[in-house]
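The structure file start16.pdb is reproduced below (PDB, C-alpha atoms and all ligand atoms).
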```
ATOM      1  CA  MET A   1      32.737 101.197  71.201
ATOM      2  CA  ALA A   2      36.116 102.794  70.752
ATOM      3  CA  LYS A   3      38.590 100.813  68.710
ATOM      4  CA  VAL A   4      41.485  99.320  70.659
ATOM      5  CA  VAL A   5      44.926  99.804  69.117
ATOM      6  CA  MET A   6      48.083  98.034  70.288
ATOM      7  CA  LEU A   7      51.504  99.133  69.023
ATOM      8  CA  THR A   8      53.911  96.234  69.357
ATOM      9  CA  PHE A   9      57.633  96.205  68.550
ATOM     10  CA  ASP A  10      59.716  93.081  68.000
ATOM     11  CA  VAL A  11      63.100  94.113  69.380
ATOM     12  CA  GLU A  12      65.715  92.039  67.574
ATOM     13  CA  GLU A  13      68.924  92.460  65.550
ATOM     14  CA  ASP A  14      68.458  94.313  62.233
ATOM     15  CA  CYS A  15      66.191  92.310  59.902
ATOM     16  CA  PRO A  16      67.192  88.841  61.176
ATOM     17  CA  PRO A  17      68.766  86.704  59.875
ATOM     18  CA  PHE A  18      69.837  88.910  56.957
ATOM     19  CA  ALA A  19      71.906  91.580  58.723
ATOM     20  CA  GLU A  20      74.278  91.424  61.668
ATOM     21  CA  THR A  21      74.017  95.038  62.741
ATOM     22  CA  ARG A  22      72.245  96.599  65.742
ATOM     23  CA  ARG A  23      71.370 100.022  64.334
ATOM     24  CA  GLY A  24      67.714  99.525  65.204
ATOM     25  CA  MET A  25      68.568  99.650  68.894
ATOM     26  CA  GLU A  26      71.418 102.153  68.581
ATOM     27  CA  GLU A  27      69.493 104.728  66.525
ATOM     28  CA  GLY A  28      65.880 103.696  65.940
ATOM     29  CA  LEU A  29      64.372 102.504  69.197
ATOM     30  CA  PRO A  30      65.189 105.516  71.404
ATOM     31  CA  LYS A  31      63.436 107.781  68.852
ATOM     32  CA  VAL A  32      60.425 105.471  68.715
ATOM     33  CA  MET A  33      60.107 105.503  72.496
ATOM     34  CA  ASP A  34      60.431 109.308  72.467
ATOM     35  CA  VAL A  35      57.499 109.590  70.040
ATOM     36  CA  LEU A  36      55.257 107.274  72.056
ATOM     37  CA  GLU A  37      56.098 109.030  75.301
ATOM     38  CA  GLU A  38      55.430 112.402  73.701
ATOM     39  CA  PHE A  39      51.890 111.169  72.896
ATOM     40  CA  LYS A  40      51.661 109.523  76.341
ATOM     41  CA  ILE A  41      51.080 106.155  74.697
ATOM     42  CA  ARG A  42      52.518 102.920  76.010
ATOM     43  CA  GLY A  43      53.802 100.361  73.532
ATOM     44  CA  THR A  44      54.625  96.683  73.944
ATOM     45  CA  PHE A  45      58.321  95.993  73.310
ATOM     46  CA  LEU A  46      58.993  92.300  72.792
ATOM     47  CA  PHE A  47      62.756  91.838  73.214
ATOM     48  CA  THR A  48      64.853  88.773  72.507
ATOM     49  CA  GLY A  49      66.751  87.838  75.649
ATOM     50  CA  ARG A  50      70.104  88.488  73.957
ATOM     51  CA  ILE A  51      69.172  91.994  72.771
ATOM     52  CA  ALA A  52      68.016  92.856  76.303
ATOM     53  CA  GLU A  53      71.440  91.743  77.580
ATOM     54  CA  GLU A  54      73.185  93.879  74.955
ATOM     55  CA  PHE A  55      70.966  96.940  75.479
ATOM     56  CA  PRO A  56      69.964  96.820  79.153
ATOM     57  CA  GLU A  57      69.080 100.528  79.280
ATOM     58  CA  LEU A  58      66.486 100.064  76.511
ATOM     59  CA  ALA A  59      64.996  96.975  78.164
ATOM     60  CA  GLU A  60      64.792  98.910  81.403
ATOM     61  CA  ARG A  61      63.077 101.852  79.721
ATOM     62  CA  ALA A  62      60.560  99.454  78.125
ATOM     63  CA  GLY A  63      59.936  97.809  81.502
ATOM     64  CA  LYS A  64      59.440 101.127  83.282
ATOM     65  CA  LYS A  65      57.561 103.259  80.771
ATOM     66  CA  HIS A  66      55.921 100.689  78.481
ATOM     67  CA  GLU A  67      55.372  96.938  78.506
ATOM     68  CA  LEU A  68      58.397  94.664  78.220
ATOM     69  CA  GLY A  69      57.645  91.348  76.529
ATOM     70  CA  CYS A  70      59.556  88.410  75.046
ATOM     71  CA  HIS A  71      60.510  87.612  71.428
ATOM     72  CA  GLY A  72      62.506  84.439  72.118
ATOM     73  CA  LEU A  73      66.079  84.049  73.335
ATOM     74  CA  GLU A  74      67.997  84.677  70.105
ATOM     75  CA  HIS A  75      65.325  84.932  67.430
ATOM     76  CA  GLU A  76      65.094  81.165  67.001
ATOM     77  CA  ARG A  77      62.410  79.359  64.991
ATOM     78  CA  PHE A  78      60.360  77.512  67.598
ATOM     79  CA  ASP A  79      58.789  75.203  65.013
ATOM     80  CA  ARG A  80      62.263  73.726  64.484
ATOM     81  CA  LEU A  81      62.938  73.062  68.168
ATOM     82  CA  SER A  82      62.104  70.061  70.327
ATOM     83  CA  HIS A  83      59.711  70.550  73.242
ATOM     84  CA  GLU A  84      62.606  70.410  75.677
ATOM     85  CA  GLU A  85      64.732  72.894  73.747
ATOM     86  CA  ALA A  86      61.794  75.278  73.268
ATOM     87  CA  ARG A  87      61.152  75.209  77.000
ATOM     88  CA  ARG A  88      64.809  75.766  77.888
ATOM     89  CA  ARG A  89      65.091  78.787  75.596
ATOM     90  CA  LEU A  90      61.816  80.348  76.712
ATOM     91  CA  ALA A  91      62.763  79.912  80.367
ATOM     92  CA  GLU A  92      66.184  81.489  79.816
ATOM     93  CA  ALA A  93      64.730  84.419  77.848
ATOM     94  CA  ARG A  94      62.123  85.036  80.522
ATOM     95  CA  GLU A  95      64.743  84.877  83.255
ATOM     96  CA  ILE A  96      66.888  87.516  81.509
ATOM     97  CA  LEU A  97      63.958  89.805  80.701
ATOM     98  CA  SER A  98      62.515  89.575  84.209
ATOM     99  CA  ARG A  99      65.530  91.552  85.454
ATOM    100  CA  PHE A 100      64.062  94.571  83.652
ATOM    101  CA  GLY A 101      60.342  94.242  84.288
ATOM    102  CA  ASP A 102      57.320  92.032  84.685
ATOM    103  CA  VAL A 103      57.149  89.865  81.539
ATOM    104  CA  THR A 104      53.817  88.292  80.563
ATOM    105  CA  SER A 105      53.560  88.733  76.753
ATOM    106  CA  PHE A 106      55.253  86.770  74.003
ATOM    107  CA  ARG A 107      55.575  86.721  70.218
ATOM    108  CA  ALA A 108      57.501  83.994  68.432
ATOM    109  CA  PRO A 109      60.058  85.010  65.788
ATOM    110  CA  ASN A 110      58.663  84.664  62.238
ATOM    111  CA  PHE A 111      55.202  83.919  63.725
ATOM    112  CA  GLN A 112      56.283  80.291  64.050
ATOM    113  CA  PHE A 113      54.970  78.774  67.244
ATOM    114  CA  PRO A 114      53.409  75.293  67.353
ATOM    115  CA  ASP A 115      50.078  75.078  69.219
ATOM    116  CA  LYS A 116      51.433  72.274  71.383
ATOM    117  CA  TYR A 117      53.950  74.702  72.929
ATOM    118  CA  TYR A 118      51.345  77.102  74.372
ATOM    119  CA  ARG A 119      51.363  74.996  77.523
ATOM    120  CA  ILE A 120      55.034  75.869  78.024
ATOM    121  CA  LEU A 121      54.159  79.562  77.866
ATOM    122  CA  ALA A 122      51.411  79.135  80.474
ATOM    123  CA  ASP A 123      53.735  77.099  82.757
ATOM    124  CA  LEU A 124      56.382  79.825  82.619
ATOM    125  CA  GLY A 125      53.896  82.556  83.544
ATOM    126  CA  PHE A 126      53.158  84.080  80.157
ATOM    127  CA  LYS A 127      49.561  85.306  79.838
ATOM    128  CA  VAL A 128      49.414  86.661  76.289
ATOM    129  CA  ASP A 129      50.696  85.429  72.966
ATOM    130  CA  SER A 130      50.687  87.335  69.687
ATOM    131  CA  SER A 131      52.334  84.768  67.400
ATOM    132  CA  LYS A 132      49.291  84.238  65.199
ATOM    133  CA  ALA A 133      48.622  86.636  62.365
ATOM    134  CA  ARG A 134      45.875  87.208  59.841
ATOM    135  CA  HIS A 135      48.471  87.497  57.074
ATOM    136  CA  LYS A 136      49.775  84.065  58.128
ATOM    137  CA  GLY A 137      46.378  82.463  57.800
ATOM    138  CA  TRP A 138      44.910  82.812  61.331
ATOM    139  CA  ARG A 139      41.162  83.447  61.108
ATOM    140  CA  GLY A 140      40.178  82.984  64.746
ATOM    141  CA  GLY A 141      40.462  86.480  66.226
ATOM    142  CA  VAL A 142      41.216  86.720  69.956
ATOM    143  CA  ALA A 143      41.137  83.229  71.484
ATOM    144  CA  GLU A 144      42.186  81.280  74.557
ATOM    145  CA  ILE A 145      44.697  78.528  73.833
ATOM    146  CA  ASP A 146      45.828  76.278  76.689
ATOM    147  CA  GLY A 147      45.709  78.971  79.328
ATOM    148  CA  VAL A 148      47.201  81.727  77.161
ATOM    149  CA  LEU A 149      45.246  84.563  75.556
ATOM    150  CA  GLU A 150      46.010  84.711  71.837
ATOM    151  CA  VAL A 151      45.863  88.286  70.547
ATOM    152  CA  PRO A 152      46.691  87.946  66.857
ATOM    153  CA  ALA A 153      48.615  90.467  64.812
ATOM    154  CA  THR A 154      46.452  92.395  62.364
ATOM    155  CA  THR A 155      48.883  93.087  59.556
ATOM    156  CA  THR A 156      52.452  92.765  58.326
ATOM    157  CA  SER A 157      54.903  95.540  59.124
ATOM    158  CA  ILE A 158      55.246  96.383  55.410
ATOM    159  CA  VAL A 159      51.800  98.068  55.481
ATOM    160  CA  THR A 160      52.936 100.746  57.927
ATOM    161  CA  ARG A 161      55.877 101.583  55.648
ATOM    162  CA  LEU A 162      53.713 102.323  52.581
ATOM    163  CA  PRO A 163      53.162 105.954  51.573
ATOM    164  CA  TRP A 164      50.635 107.342  54.087
ATOM    165  CA  ARG A 165      47.884 107.985  51.494
ATOM    166  CA  LEU A 166      48.064 104.285  50.521
ATOM    167  CA  GLN A 167      48.103 102.851  54.020
ATOM    168  CA  GLU A 168      45.344 105.058  55.418
ATOM    169  CA  ARG A 169      42.514 103.027  53.893
ATOM    170  CA  PHE A 170      43.885  99.853  55.511
ATOM    171  CA  HIS A 171      43.739 101.452  58.958
ATOM    172  CA  ARG A 172      40.172 102.547  58.333
ATOM    173  CA  GLY A 173      39.169  98.978  57.515
ATOM    174  CA  PHE A 174      40.952  97.115  60.336
ATOM    175  CA  GLU A 175      38.702  95.649  62.998
ATOM    176  CA  SER A 176      39.329  96.163  66.699
ATOM    177  CA  PRO A 177      41.448  95.078  68.478
ATOM    178  CA  ILE A 178      44.136  96.214  66.036
ATOM    179  CA  VAL A 179      47.637  94.866  66.696
ATOM    180  CA  TYR A 180      50.384  96.572  64.698
ATOM    181  CA  ILE A 181      53.884  95.155  64.412
ATOM    182  CA  PHE A 182      57.009  97.246  64.077
ATOM    183  CA  HIS A 183      60.738  96.571  64.412
ATOM    184  CA  PRO A 184      63.459  98.988  65.587
ATOM    185  CA  TRP A 185      65.414  98.542  62.324
ATOM    186  CA  GLU A 186      62.498  99.904  60.285
ATOM    187  CA  PHE A 187      63.269 103.342  61.732
ATOM    188  CA  VAL A 188      66.811 103.470  60.319
ATOM    189  CA  ARG A 189      67.646 103.381  56.631
ATOM    190  CA  MET A 190      68.582  99.779  55.866
ATOM    191  CA  PRO A 191      71.045  98.999  53.040
ATOM    192  CA  ARG A 192      69.640  98.000  49.653
ATOM    193  CA  ARG A 193      71.824  94.904  49.359
ATOM    194  CA  LEU A 194      69.348  93.202  51.706
ATOM    195  CA  ARG A 195      65.992  91.679  50.717
ATOM    196  CA  PRO A 196      63.502  94.362  49.622
ATOM    197  CA  ASP A 197      61.244  93.819  52.654
ATOM    198  CA  CYS A 198      64.273  94.593  54.839
ATOM    199  CA  TRP A 199      64.862  98.061  53.363
ATOM    200  CA  PHE A 200      61.621  99.185  51.703
ATOM    201  CA  GLY A 201      60.311 102.316  53.401
ATOM    202  CA  THR A 202      62.863 102.198  56.242
ATOM    203  CA  GLY A 203      64.424 105.326  57.741
ATOM    204  CA  GLU A 204      63.254 108.632  59.194
ATOM    205  CA  GLY A 205      60.119 108.470  57.037
ATOM    206  CA  ALA A 206      58.937 105.456  59.042
ATOM    207  CA  LEU A 207      58.976 107.587  62.173
ATOM    208  CA  GLU A 208      56.803 110.217  60.471
ATOM    209  CA  LYS A 209      54.364 107.491  59.414
ATOM    210  CA  LEU A 210      54.233 106.182  62.978
ATOM    211  CA  ARG A 211      53.278 109.681  64.089
ATOM    212  CA  ALA A 212      50.624 109.888  61.357
ATOM    213  CA  LEU A 213      49.243 106.511  62.436
ATOM    214  CA  ILE A 214      48.978 107.578  66.065
ATOM    215  CA  GLU A 215      47.302 110.865  65.118
ATOM    216  CA  PHE A 216      44.885 109.062  62.786
ATOM    217  CA  HIS A 217      43.691 106.739  65.555
ATOM    218  CA  LEU A 218      43.604 109.452  68.204
ATOM    219  CA  GLU A 219      41.363 111.517  65.942
ATOM    220  CA  GLY A 220      39.152 108.457  65.462
ATOM    221  CA  GLY A 221      38.776 108.125  69.234
ATOM    222  CA  ALA A 222      40.720 104.854  69.543
ATOM    223  CA  ARG A 223      42.155 103.624  72.839
ATOM    224  CA  PHE A 224      45.810 102.662  72.863
ATOM    225  CA  MET A 225      46.788  99.730  75.067
ATOM    226  CA  THR A 226      49.622  97.357  75.740
ATOM    227  CA  LEU A 227      49.075  93.619  75.281
ATOM    228  CA  ARG A 228      49.048  93.255  79.058
ATOM    229  CA  GLU A 229      46.431  95.975  79.476
ATOM    230  CA  PHE A 230      44.284  94.268  76.857
ATOM    231  CA  TYR A 231      44.592  91.015  78.802
ATOM    232  CA  GLY A 232      43.393  92.791  81.955
ATOM    233  CA  LYS A 233      40.425  94.268  80.125
ATOM    234  CA  TYR A 234      39.564  90.878  78.594
ATOM    235  CA  GLN A 235      39.620  89.152  81.994
ATOM    236  CA  LYS A 236      37.418  91.856  83.474
ATOM    237  CA  LEU A 237      34.844  91.529  80.683
ATOM    238  CA  LYS A 238      34.889  87.749  81.070
ATOM    239  CA  ARG A 239      34.112  87.980  84.774
ATOM    240  CA  GLY A 240      31.265  90.362  83.891
TER
HETATM  241 ZN    ZN A 301      61.325  88.935  64.866
END
```

Could you rewrite the structure in this file as structure tokens?
Amino acid sequence: MAKVVMLTFDVEEDCPPFAETRRGMEEGLPKVMDVLEEFKIRGTFLFTGRIAEEFPELAERAGKKHELGCHGLEHERFDRLSHEEARRRLAEAREILSRFGDVTSFRAPNFQFPDKYYRILADLGFKVDSSKARHKGWRGGVAEIDGVLEVPATTTSIVTRLPWRLQERFHRGFESPIVYIFHPWEFVRMPRRLRPDCWFGTGEGALEKLRALIEFHLEGGARFMTLREFYGKYQKLKRG
């Protein structure tokens, strides 16, 4: 069976909450979309509601040519919100994003999303969540949680910023389905006054590594999908 690879992008302000800039959207994201489109690969772009309002043309491009998903309203920590507040923010984010496309996938900022809130996602029409991560202790693989399909992230975004010869062996070892996480700000050079994980390996080099990653998996015969496409495939297999 061919490996399934999903390229997902959390579209947020630059390295939140450590920087206030928007260079990821101004300079990084258009180049990232160009690369994917050049390879005829569709990515999943999980926008915060506020960033979609600030950069409507990018949200529209994601909705038309890729998959547009949700990354909260303003990059809030859902584990610190009441049920009511979590619901209000998710509903508002979904309402904003729905102006630009059909929104069915979600990832919580900082991978912080209490299990008891999955029901809110299902009620609001979300089908897929990718807020769990192996590097945050999730061991369950793909799972159904309260009417939402959990498709966990495979690795932290630092891995894809390592020198290519170091990261290659990780890609070889990852089990399908592989969910990569990127951020627009990784594709612009971030200032060194920030935390090291905010600037390490950022800049034009990250774009070259994204290309290398795509070529590596294409050569290996992998199938690229969006989170939504994976959901469709999963439902089909389930029905038999
Ligand atoms: Zn984020």

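Residue nearest Pro163 of chain A within the list A:Gly201, A:Pro184, A:Gly101, A:Pro177: A:Gly201 [criterion: smallest interatomic distance, all atoms listed in the file].
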
#### Entry: Which residue of A:Gly203, A:Gly63, A:Ile158, A:Met6 approaches Pro191 of chain A most closely, using only C-alpha atoms
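When distances to Pro191 of chain A are compared using only C-alpha atoms, the smallest one comes from A:Gly203.
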
### Query
For this file, the PyMOL selection byres (((chain A and resi 130) around 6) and not hetatm) selects which residues, as a VMD selection string?
chain A and resid 107 129 131 to 132 150 to 152

Would you kindly translate the PyMOL selection byres (((not hetatm)) within 12 of (chain A and resi 301)) into the concrete residues it picks from this file, as an mmCIF file with C-alpha atoms, in the coordinates of the input?
```cif
data_model
loop_
_atom_site.group_PDB
_atom_site.id
_atom_site.type_symbol
_atom_site.label_atom_id
_atom_site.label_comp_id
_atom_site.auth_asym_id
_atom_site.auth_seq_id
_atom_site.Cartn_x
_atom_site.Cartn_y
_atom_site.Cartn_z
ATOM 1 C CA THR A 8 53.911 96.234 69.357
ATOM 2 C CA PHE A 9 57.633 96.205 68.550
ATOM 3 C CA ASP A 10 59.716 93.081 68.000
ATOM 4 C CA VAL A 11 63.100 94.113 69.380
ATOM 5 C CA GLU A 12 65.715 92.039 67.574
ATOM 6 C CA GLU A 13 68.924 92.460 65.550
ATOM 7 C CA ASP A 14 68.458 94.313 62.233
ATOM 8 C CA CYS A 15 66.191 92.310 59.902
ATOM 9 C CA PRO A 16 67.192 88.841 61.176
ATOM 10 C CA PRO A 17 68.766 86.704 59.875
ATOM 11 C CA PHE A 18 69.837 88.910 56.957
ATOM 12 C CA PHE A 45 58.321 95.993 73.310
ATOM 13 C CA LEU A 46 58.993 92.300 72.792
ATOM 14 C CA PHE A 47 62.756 91.838 73.214
ATOM 15 C CA THR A 48 64.853 88.773 72.507
ATOM 16 C CA ILE A 51 69.172 91.994 72.771
ATOM 17 C CA CYS A 70 59.556 88.410 75.046
ATOM 18 C CA HIS A 71 60.510 87.612 71.428
ATOM 19 C CA GLY A 72 62.506 84.439 72.118
ATOM 20 C CA LEU A 73 66.079 84.049 73.335
ATOM 21 C CA GLU A 74 67.997 84.677 70.105
ATOM 22 C CA HIS A 75 65.325 84.932 67.430
ATOM 23 C CA GLU A 76 65.094 81.165 67.001
ATOM 24 C CA ARG A 77 62.410 79.359 64.991
ATOM 25 C CA PHE A 78 60.360 77.512 67.598
ATOM 26 C CA PHE A 106 55.253 86.770 74.003
ATOM 27 C CA ARG A 107 55.575 86.721 70.218
ATOM 28 C CA ALA A 108 57.501 83.994 68.432
ATOM 29 C CA PRO A 109 60.058 85.010 65.788
ATOM 30 C CA ASN A 110 58.663 84.664 62.238
ATOM 31 C CA PHE A 111 55.202 83.919 63.725
ATOM 32 C CA GLN A 112 56.283 80.291 64.050
ATOM 33 C CA SER A 130 50.687 87.335 69.687
ATOM 34 C CA SER A 131 52.334 84.768 67.400
ATOM 35 C CA THR A 156 52.452 92.765 58.326
ATOM 36 C CA SER A 157 54.903 95.540 59.124
ATOM 37 C CA ILE A 181 53.884 95.155 64.412
ATOM 38 C CA PHE A 182 57.009 97.246 64.077
ATOM 39 C CA HIS A 183 60.738 96.571 64.412
ATOM 40 C CA PRO A 184 63.459 98.988 65.587
ATOM 41 C CA TRP A 185 65.414 98.542 62.324
ATOM 42 C CA GLU A 186 62.498 99.904 60.285
ATOM 43 C CA CYS A 198 64.273 94.593 54.839
#
```

Take every atom of segment 133-136 of chain A listed in the file, pad by 5 Å on each side, and give me the axis-aligned box centre and edge lengths in Å, one decimal, as lines of an AutoDock Vina configuration file.
```
center_x = 47.8
center_y = 85.8
center_z = 59.7
size_x = 13.9
size_y = 13.4
size_z = 15.3
```

Which residues, written as a CSV table (one decimal) with C-alpha atoms, in the coordinates of the input, have at least one atom at most 9 Å from Leu121 of chain A, with only C-alpha atoms counted and residues fewer than 5 positions away on the same chain left out?
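Final output, saved to selection_1.csv:
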```
chain,number,residue,atom,x,y,z
A,87,ARG,CA,61.2,75.2,77.0
A,90,LEU,CA,61.8,80.3,76.7
A,91,ALA,CA,62.8,79.9,80.4
A,106,PHE,CA,55.3,86.8,74.0
A,126,PHE,CA,53.2,84.1,80.2
A,127,LYS,CA,49.6,85.3,79.8
A,128,VAL,CA,49.4,86.7,76.3
A,129,ASP,CA,50.7,85.4,73.0
A,147,GLY,CA,45.7,79.0,79.3
A,148,VAL,CA,47.2,81.7,77.2
```

### Task
Determine the nearest neighbour of Gly205 of chain A from the options A:Ile96, A:Leu162, A:Leu218, A:Ile178, counting only C-alpha atoms.
A:Leu162

### Task
Just give me the gap between atom CA of Trp199 of chain A and atom CA of Glu67 of chain A in Å, one decimal is fine.
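One can read the atom CA of Trp199 of chain A to atom CA of Glu67 of chain A distance as 26.9 Å.
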
### Residue with smallest distance to Glu229 of chain A - pool A:Ser105, A:Glu84, A:Ala2, A:Trp164, counting only C-alpha atoms
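So, comparing all the options, the nearest one is A:Ser105.
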